[in-house]
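See below for input_6.cif, which holds mmCIF, C-alpha atoms.
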```cif
data_coords
#
loop_
_atom_site.label_atom_id
_atom_site.label_comp_id
_atom_site.auth_asym_id
_atom_site.auth_seq_id
_atom_site.Cartn_x
_atom_site.Cartn_y
_atom_site.Cartn_z
CA MET A 17 -4.67 -11.82 -16.76
CA VAL A 18 -3.99 -8.49 -15.04
CA LEU A 19 -0.52 -7.36 -13.99
CA THR A 20 -0.66 -4.76 -11.19
CA ILE A 21 2.42 -2.72 -10.22
CA ASP A 22 2.69 -0.46 -7.16
CA VAL A 23 5.86 1.65 -7.11
CA GLY A 24 6.62 2.79 -3.56
CA ASN A 25 9.54 4.59 -1.98
CA THR A 26 11.05 1.41 -0.52
CA ASN A 27 9.55 -1.44 -2.56
CA ILE A 28 7.89 -2.14 -5.88
CA ALA A 29 5.05 -4.58 -5.25
CA PHE A 30 3.47 -6.37 -8.19
CA GLY A 31 1.18 -9.29 -8.80
CA VAL A 32 -0.89 -11.17 -11.36
CA HIS A 33 -4.62 -11.86 -11.16
CA THR A 34 -6.67 -14.12 -13.41
CA GLY A 35 -9.92 -12.19 -13.01
CA GLU A 36 -11.00 -14.69 -10.37
CA ARG A 37 -8.03 -14.98 -8.00
CA TRP A 38 -4.51 -13.80 -7.30
CA LEU A 39 -1.81 -16.13 -8.60
CA ASP A 40 1.40 -14.53 -7.34
CA HIS A 41 2.80 -11.46 -5.63
CA TRP A 42 6.36 -10.12 -5.46
CA ARG A 43 8.35 -7.26 -3.94
CA LEU A 44 11.41 -5.62 -5.47
CA ARG A 45 13.60 -2.90 -4.01
CA SER A 46 12.85 0.60 -5.31
CA ASP A 47 15.98 2.17 -6.73
CA PRO A 48 15.79 5.29 -8.94
CA GLU A 49 19.32 4.48 -10.14
CA GLU A 50 18.16 1.23 -11.75
CA THR A 51 17.48 1.46 -15.47
CA SER A 52 14.41 0.20 -17.26
CA ASP A 53 16.63 -2.52 -18.77
CA GLU A 54 17.56 -3.79 -15.31
CA TYR A 55 13.98 -3.76 -14.07
CA LEU A 56 12.82 -5.47 -17.27
CA VAL A 57 15.12 -8.40 -16.52
CA LEU A 58 13.82 -8.66 -12.94
CA PHE A 59 10.15 -8.53 -13.93
CA HIS A 60 10.61 -10.91 -16.84
CA ASN A 61 12.57 -13.46 -14.82
CA LEU A 62 10.15 -13.50 -11.87
CA LEU A 63 7.15 -13.91 -14.15
CA HIS A 64 8.92 -16.61 -16.17
CA VAL A 65 10.09 -18.61 -13.14
CA ALA A 66 6.52 -18.57 -11.78
CA GLY A 67 5.29 -19.99 -15.09
CA HIS A 68 3.35 -16.95 -16.30
CA GLN A 69 3.26 -16.40 -20.06
CA LEU A 70 3.42 -12.77 -21.14
CA ASP A 71 0.93 -13.31 -23.95
CA ARG A 72 -1.72 -14.11 -21.34
CA ILE A 73 -1.47 -10.64 -19.81
CA ASP A 74 -4.24 -8.45 -21.21
CA ARG A 75 -4.08 -5.48 -18.78
CA ILE A 76 -1.31 -3.70 -16.87
CA VAL A 77 -1.99 -1.13 -14.15
CA ILE A 78 0.74 1.05 -12.62
CA SER A 79 0.63 3.22 -9.51
CA SER A 80 3.71 5.23 -8.58
CA VAL A 81 4.62 7.66 -5.82
CA VAL A 82 8.23 7.86 -7.05
CA PRO A 83 8.32 10.23 -10.05
CA ALA A 84 11.92 9.29 -10.85
CA LEU A 85 10.88 5.66 -11.34
CA THR A 86 7.56 6.14 -13.13
CA PRO A 87 9.03 6.43 -16.67
CA ALA A 88 11.28 3.38 -16.16
CA ILE A 89 8.48 1.14 -14.89
CA THR A 90 6.10 2.37 -17.57
CA ALA A 91 8.76 1.50 -20.15
CA VAL A 92 9.10 -1.96 -18.61
CA ALA A 93 5.35 -2.50 -18.95
CA ARG A 94 5.40 -1.45 -22.60
CA ARG A 95 8.34 -3.75 -23.37
CA LEU A 96 6.81 -6.73 -21.54
CA CYS A 97 3.55 -6.38 -23.49
CA PRO A 98 4.07 -4.06 -26.49
CA ASP A 99 0.45 -4.33 -27.65
CA ILE A 100 -1.08 -3.35 -24.29
CA PRO A 101 -0.95 0.33 -23.26
CA PRO A 102 -0.49 0.40 -19.47
CA LEU A 103 -3.06 2.17 -17.31
CA VAL A 104 -1.14 4.67 -15.17
CA VAL A 105 -3.24 5.62 -12.14
CA ASN A 106 -4.33 9.25 -11.79
CA HIS A 107 -7.16 11.11 -10.10
CA THR A 108 -9.32 11.37 -13.21
CA LEU A 109 -10.10 7.64 -13.31
CA ASN A 110 -13.40 6.06 -12.42
CA THR A 111 -12.79 4.87 -8.85
CA GLY A 112 -16.10 3.45 -7.67
CA LEU A 113 -15.99 5.96 -4.82
CA ASN A 114 -18.53 8.73 -4.27
CA SER A 115 -18.50 10.67 -7.54
CA ASP A 116 -19.85 13.80 -5.83
CA ALA A 117 -16.74 14.10 -3.63
CA PRO A 118 -13.57 15.31 -5.39
CA ILE A 119 -10.34 13.37 -4.87
CA PRO A 120 -7.76 15.64 -3.17
CA PRO A 121 -5.14 16.38 -5.85
CA GLU A 122 -2.25 15.74 -3.47
CA LEU A 123 -3.50 12.28 -2.51
CA GLY A 124 -0.93 9.64 -3.41
CA ASN A 125 -1.91 7.07 -6.01
CA ASP A 126 -1.26 4.27 -3.51
CA LEU A 127 -3.71 5.87 -1.08
CA LEU A 128 -6.27 6.20 -3.87
CA ALA A 129 -5.91 2.48 -4.60
CA ASN A 130 -6.23 1.69 -0.88
CA ALA A 131 -9.48 3.66 -0.66
CA VAL A 132 -10.88 1.95 -3.77
CA ALA A 133 -10.12 -1.51 -2.39
CA ALA A 134 -11.46 -0.72 1.09
CA TYR A 135 -14.77 0.68 -0.13
CA ALA A 136 -15.26 -2.21 -2.55
CA ARG A 137 -14.49 -4.68 0.22
CA PHE A 138 -16.68 -3.29 2.99
CA ARG A 139 -19.20 -1.06 1.18
CA GLY A 140 -19.07 1.12 4.24
CA ALA A 141 -16.84 3.25 6.43
CA ALA A 142 -13.23 2.14 6.77
CA ILE A 143 -9.80 3.19 7.96
CA VAL A 144 -6.81 1.82 6.04
CA VAL A 145 -3.48 1.73 7.88
CA ASP A 146 -0.59 1.22 5.46
CA PHE A 147 2.70 0.06 6.97
CA GLY A 148 5.02 1.40 4.28
CA THR A 149 7.95 3.80 4.13
CA ALA A 150 5.49 6.17 5.75
CA LEU A 151 2.81 4.93 8.14
CA THR A 152 -0.45 6.26 6.72
CA PHE A 153 -3.99 6.28 8.11
CA GLU A 154 -6.74 6.92 5.56
CA ALA A 155 -10.43 7.33 6.41
CA ILE A 156 -13.29 6.53 4.01
CA SER A 157 -16.89 7.43 4.86
CA ALA A 158 -19.89 5.11 4.72
CA ASP A 159 -20.93 6.71 1.42
CA GLY A 160 -17.52 6.40 -0.23
CA ARG A 161 -15.83 9.75 0.40
CA ILE A 162 -12.15 10.04 1.25
CA LEU A 163 -12.29 12.02 4.48
CA GLY A 164 -8.65 12.56 5.30
CA VAL A 165 -5.24 11.09 5.95
CA SER A 166 -2.73 11.04 8.79
CA ILE A 167 0.95 10.41 8.01
CA ALA A 168 3.78 9.41 10.35
CA PRO A 169 7.31 8.14 9.70
CA GLY A 170 7.32 4.44 8.89
CA LEU A 171 8.76 1.99 11.39
CA ARG A 172 11.88 1.23 9.38
CA SER A 173 12.36 4.97 8.81
CA ALA A 174 12.17 5.53 12.56
CA VAL A 175 14.75 2.84 13.32
CA ARG A 176 17.12 4.14 10.62
CA ALA A 177 16.80 7.70 11.91
CA LEU A 178 17.52 6.55 15.45
CA SER A 179 20.63 4.56 14.54
CA SER A 180 22.01 7.09 12.05
CA ASN A 181 21.65 10.07 14.39
CA THR A 182 23.05 8.50 17.56
CA ALA A 183 26.57 7.28 18.26
CA GLN A 184 25.79 4.15 20.26
CA LEU A 185 22.33 2.94 19.19
CA PRO A 186 22.33 0.18 16.57
CA ALA A 187 19.77 -0.71 13.92
CA VAL A 188 17.54 -3.51 15.22
CA ASP A 189 15.04 -6.01 13.88
CA LEU A 190 11.43 -4.83 14.07
CA VAL A 191 10.11 -7.54 16.36
CA PRO A 192 8.44 -7.23 19.77
CA PRO A 193 10.85 -7.47 22.71
CA PRO A 194 10.13 -9.83 25.63
CA GLN A 195 8.82 -6.93 27.72
CA ALA A 196 8.40 -3.18 27.68
CA LEU A 197 11.15 -2.75 30.27
CA GLY A 198 14.12 -3.26 27.99
CA ARG A 199 17.18 -4.70 29.74
CA THR A 200 19.47 -4.53 26.72
CA THR A 201 20.00 -1.77 24.18
CA ILE A 202 18.34 -3.84 21.46
CA HIS A 203 15.29 -4.64 23.59
CA ALA A 204 15.08 -1.01 24.72
CA ILE A 205 14.93 0.22 21.10
CA GLN A 206 12.44 -2.49 20.14
CA SER A 207 10.26 -1.53 23.10
CA GLY A 208 10.26 2.14 22.19
CA VAL A 209 9.64 1.63 18.48
CA VAL A 210 7.36 -1.41 18.45
CA PHE A 211 5.22 -0.70 21.50
CA GLY A 212 5.41 3.06 20.93
CA TYR A 213 4.06 2.68 17.41
CA VAL A 214 1.35 0.30 18.62
CA GLY A 215 0.24 3.04 21.00
CA MET A 216 0.23 5.60 18.20
CA ILE A 217 -1.80 3.29 15.97
CA LYS A 218 -4.44 2.78 18.64
CA GLU A 219 -4.62 6.51 19.43
CA LEU A 220 -4.98 7.63 15.82
CA VAL A 221 -7.54 4.94 14.99
CA ASP A 222 -9.57 5.95 18.06
CA ARG A 223 -9.39 9.67 17.23
CA MET A 224 -10.33 9.17 13.59
CA THR A 225 -13.22 6.89 14.56
CA GLU A 226 -14.54 9.46 17.06
CA GLU A 227 -14.38 12.24 14.46
CA MET A 228 -16.06 10.11 11.79
CA ILE A 229 -18.96 9.24 14.09
CA ALA A 230 -19.26 12.81 15.41
CA ASN A 231 -19.34 14.21 11.86
CA GLY A 232 -21.94 11.71 10.70
CA ASP A 233 -19.56 9.95 8.31
CA CYS A 234 -20.49 6.60 9.83
CA VAL A 235 -23.00 5.34 12.36
CA GLU A 236 -20.96 2.51 13.80
CA SER A 237 -17.21 2.08 14.11
CA PRO A 238 -15.50 1.81 10.71
CA GLN A 239 -13.79 -1.34 9.55
CA ILE A 240 -10.04 -1.14 10.18
CA ILE A 241 -7.69 -2.79 7.68
CA ALA A 242 -3.91 -3.13 7.81
CA THR A 243 -1.78 -3.34 4.69
CA GLY A 244 1.83 -2.91 3.61
CA GLY A 245 4.99 -4.93 4.08
CA LEU A 246 4.96 -4.90 7.89
CA ALA A 247 1.20 -5.34 8.32
CA GLU A 248 1.34 -9.02 9.19
CA THR A 249 4.01 -8.36 11.85
CA PHE A 250 2.47 -5.37 13.60
CA ALA A 251 -1.28 -5.60 13.11
CA PRO A 252 -1.73 -8.59 15.47
CA ILE A 253 0.18 -6.73 18.20
CA ALA A 254 -2.04 -3.66 17.91
CA GLY A 255 -5.23 -5.72 18.16
CA VAL A 256 -7.46 -3.11 16.50
CA PHE A 257 -7.73 -4.50 12.98
CA ASP A 258 -10.68 -6.25 11.38
CA ALA A 259 -8.62 -7.40 8.38
CA ILE A 260 -4.95 -7.77 7.49
CA ASP A 261 -3.95 -7.85 3.82
CA GLN A 262 -0.43 -6.84 2.83
CA TRP A 263 -1.47 -6.84 -0.86
CA HIS A 264 -4.52 -4.60 -0.37
CA THR A 265 -3.08 -1.86 -2.59
CA LEU A 266 -2.67 -4.26 -5.51
CA GLU A 267 -6.32 -5.25 -5.15
CA GLY A 268 -7.23 -1.56 -5.48
CA LEU A 269 -5.21 -1.37 -8.69
CA ARG A 270 -6.95 -4.46 -10.05
CA LEU A 271 -10.33 -2.88 -9.33
CA LEU A 272 -9.26 0.29 -11.13
CA ALA A 273 -8.47 -1.85 -14.17
CA VAL A 274 -11.99 -3.29 -14.04
CA LEU A 275 -13.56 0.15 -13.60
CA ASN A 276 -11.49 1.68 -16.42
CA PRO A 277 -11.46 -0.78 -19.35
CA ALA A 278 -9.03 -0.24 -22.16
CA PRO A 279 -10.28 1.04 -25.51
CA GLY A 280 -11.88 -1.91 -27.23
CA GLY A 281 -12.97 -3.43 -23.93
CA VAL A 282 -9.77 -5.34 -23.07
#
```

Starting from the coordinates I provided, produce the structure as structure tokens.
Amino acid sequence: MVLTIDVGNTNIAFGVHTGERWLDHWRLRSDPEETSDEYLVLFHNLLHVAGHQLDRIDRIVISSVVPALTPAITAVARRLCPDIPPLVVNHTLNTGLNSDAPIPPELGNDLLANAVAAYARFRGAAIVVDFGTALTFEAISADGRILGVSIAPGLRSAVRALSSNTAQLPAVDLVPPPQALGRTTIHAIQSGVVFGYVGMIKELVDRMTEEMIANGDCVESPQIIATGGLAETFAPIAGVFDAIDQWHTLEGLRLLAVLNPAPGGV
């Protein structure tokens, strides 16, 4: 059984996979002030309540974009399964992507996992839109090269910035309002953020697709996949996605475990 852990700026997503299917997924709040002891209790309790025995875990994969949390989560993995060295994702791993194209050193480990999962899934050109703390757009060519990334503030980040920097605008739920013409303050903010971001998503997907085709990186339009915590809420509104999978990043980590077996073949 493989335990995959994705440490993001807002959430820590993790899940367990049997080698044939996913059994469970969870999300915890990312907090650099939490100790490894506190996270150990959370991980252990969630796994135990779901009925997963630690001695059945034979591989642990960790991706982190929060340096302050990486040592704590790595320590948790070592304490959960002392005999299994965790695989911490880095750019030197076998990825299954085009080996002739270098991975940009500044590419986040979560984006690397997203690219791995997208190329394995479609075996062709793709754009992955990740609805996380940041809203990221990542393009992969038909032959498995990471072409580039576009980054915008995430939706929750936008709402927090709006409410914290204005005297009379409240934080609101990220749901579509009844109409674009907001008649209350809440609906007005929801219209601007929700429908505004939908417009941005469509524009960036269109621009990236045009550039990919013009540069010969794909012949037909790439497959568009949505992932991240808000993917299932926003992707249907945008109407441009071929697939929606909020756990796509964890699948990329699982594939990295397969592509990079532990010493001894575990």

Exercise. If the PyMOL selection byres ((chain A and resi 28-37) around 9) is run on the structure shown, which residues does it catch, given as a list in words?
Worked result: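 Selection result, ordered by chain and number: Met17, Val18, Leu19, Thr20, Ile21, Asp22, Val23, Gly24, Asn25, Thr26, Asn27, Trp38, Leu39, Asp40, His41, Trp42, Arg43, Leu44, Arg45, Ser46, Leu63, His68, Ile73, Ser80, Trp263, Thr265, Leu266 and Arg270 of chain A.
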
For this session: Do a neighbour search on segment 154-159 of chain A at 7 Å with all atoms listed in the file, toss out local chain neighbours closer than 4 positions, and write the hits as number ranges by chain.
Result: A: 114, 131, 140-145, 163-166, 233-234

Exercise. Could you work out how far atom CA of Arg223 of chain A lies from atom CA of Pro238 of chain A, giving the answer in Å with one decimal?
Worked result: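 Those two atoms sit 11.9 Å apart.
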
For this session: Determine, counting all atoms listed in the file, every residue of protein, DNA or RNA that lies within 10 Å of (-4.1, 1.1, -14.5) in the file coordinates, then give the result as a ChimeraX atom specification.
Result: /A:18-21,75-79,101-106,109,268-278

File of the preceding selection, C-alpha atoms, as a compact mmCIF listing (two decimals), keeping the file's coordinate frame:
```txt
# COMPACT_ATOMS: atom_id res chain seq x y z
CA VAL A 18 -3.99 -8.49 -15.04
CA LEU A 19 -0.52 -7.36 -13.99
CA THR A 20 -0.66 -4.76 -11.19
CA ILE A 21 2.42 -2.72 -10.22
CA ARG A 75 -4.08 -5.48 -18.78
CA ILE A 76 -1.31 -3.70 -16.87
CA VAL A 77 -1.99 -1.13 -14.15
CA ILE A 78 0.74 1.05 -12.62
CA SER A 79 0.63 3.22 -9.51
CA PRO A 101 -0.95 0.33 -23.26
CA PRO A 102 -0.49 0.40 -19.47
CA LEU A 103 -3.06 2.17 -17.31
CA VAL A 104 -1.14 4.67 -15.17
CA VAL A 105 -3.24 5.62 -12.14
CA ASN A 106 -4.33 9.25 -11.79
CA LEU A 109 -10.10 7.64 -13.31
CA GLY A 268 -7.23 -1.56 -5.48
CA LEU A 269 -5.21 -1.37 -8.69
CA ARG A 270 -6.95 -4.46 -10.05
CA LEU A 271 -10.33 -2.88 -9.33
CA LEU A 272 -9.26 0.29 -11.13
CA ALA A 273 -8.47 -1.85 -14.17
CA VAL A 274 -11.99 -3.29 -14.04
CA LEU A 275 -13.56 0.15 -13.60
CA ASN A 276 -11.49 1.68 -16.42
CA PRO A 277 -11.46 -0.78 -19.35
CA ALA A 278 -9.03 -0.24 -22.16
```

Exercise. If you apply the PyMOL selection byres ((chain A and resi 203) around 12) to this file, what residues do you get, as an NGL selection string?
Worked result: :A and (185-202 or 204-211)

Applied to this file, what does the PyMOL selection byres ((chain A and resi 84) around 12) return in terms of residues, put as a short mmCIF file (atom, residue, chain, number, x, y, z; two decimals) with C-alpha atoms, in the coordinates of the input?
```cif
data_model
loop_
_atom_site.label_atom_id
_atom_site.label_comp_id
_atom_site.auth_asym_id
_atom_site.auth_seq_id
_atom_site.Cartn_x
_atom_site.Cartn_y
_atom_site.Cartn_z
CA VAL A 23 5.86 1.65 -7.11
CA GLY A 24 6.62 2.79 -3.56
CA ASN A 25 9.54 4.59 -1.98
CA SER A 46 12.85 0.60 -5.31
CA ASP A 47 15.98 2.17 -6.73
CA PRO A 48 15.79 5.29 -8.94
CA GLU A 49 19.32 4.48 -10.14
CA GLU A 50 18.16 1.23 -11.75
CA THR A 51 17.48 1.46 -15.47
CA SER A 52 14.41 0.20 -17.26
CA SER A 80 3.71 5.23 -8.58
CA VAL A 81 4.62 7.66 -5.82
CA VAL A 82 8.23 7.86 -7.05
CA PRO A 83 8.32 10.23 -10.05
CA LEU A 85 10.88 5.66 -11.34
CA THR A 86 7.56 6.14 -13.13
CA PRO A 87 9.03 6.43 -16.67
CA ALA A 88 11.28 3.38 -16.16
CA ILE A 89 8.48 1.14 -14.89
CA THR A 90 6.10 2.37 -17.57
#
```

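The space separating atom CA of Ile217 of chain A from atom CA of Gly148 of chain A comes to 13.7 Å.
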
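Note that atom CA of Tyr55 of chain A and atom CA of Ile100 of chain A are 18.2 Å apart.
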
Set up a box along x, y and z of the file covering all listed atoms of segment 44-60 of chain A, add 8 Å on every one of the six sides, and write the centre and edge lengths in Å to one decimal, as lines of an AutoDock Vina configuration file.
```
center_x = 14.7
center_y = -2.8
center_z = -11.4
size_x = 25.2
size_y = 32.2
size_z = 30.8
```

For this session: Would you mind telling me which residue in A:Cys97, A:Ile162, A:Leu171, A:Val92 lies nearest to Asp146 of chain A when using only C-alpha atoms?
Result: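 Nearest candidate to Asp146 of chain A out of A:Cys97, A:Ile162, A:Leu171, A:Val92: A:Leu171.
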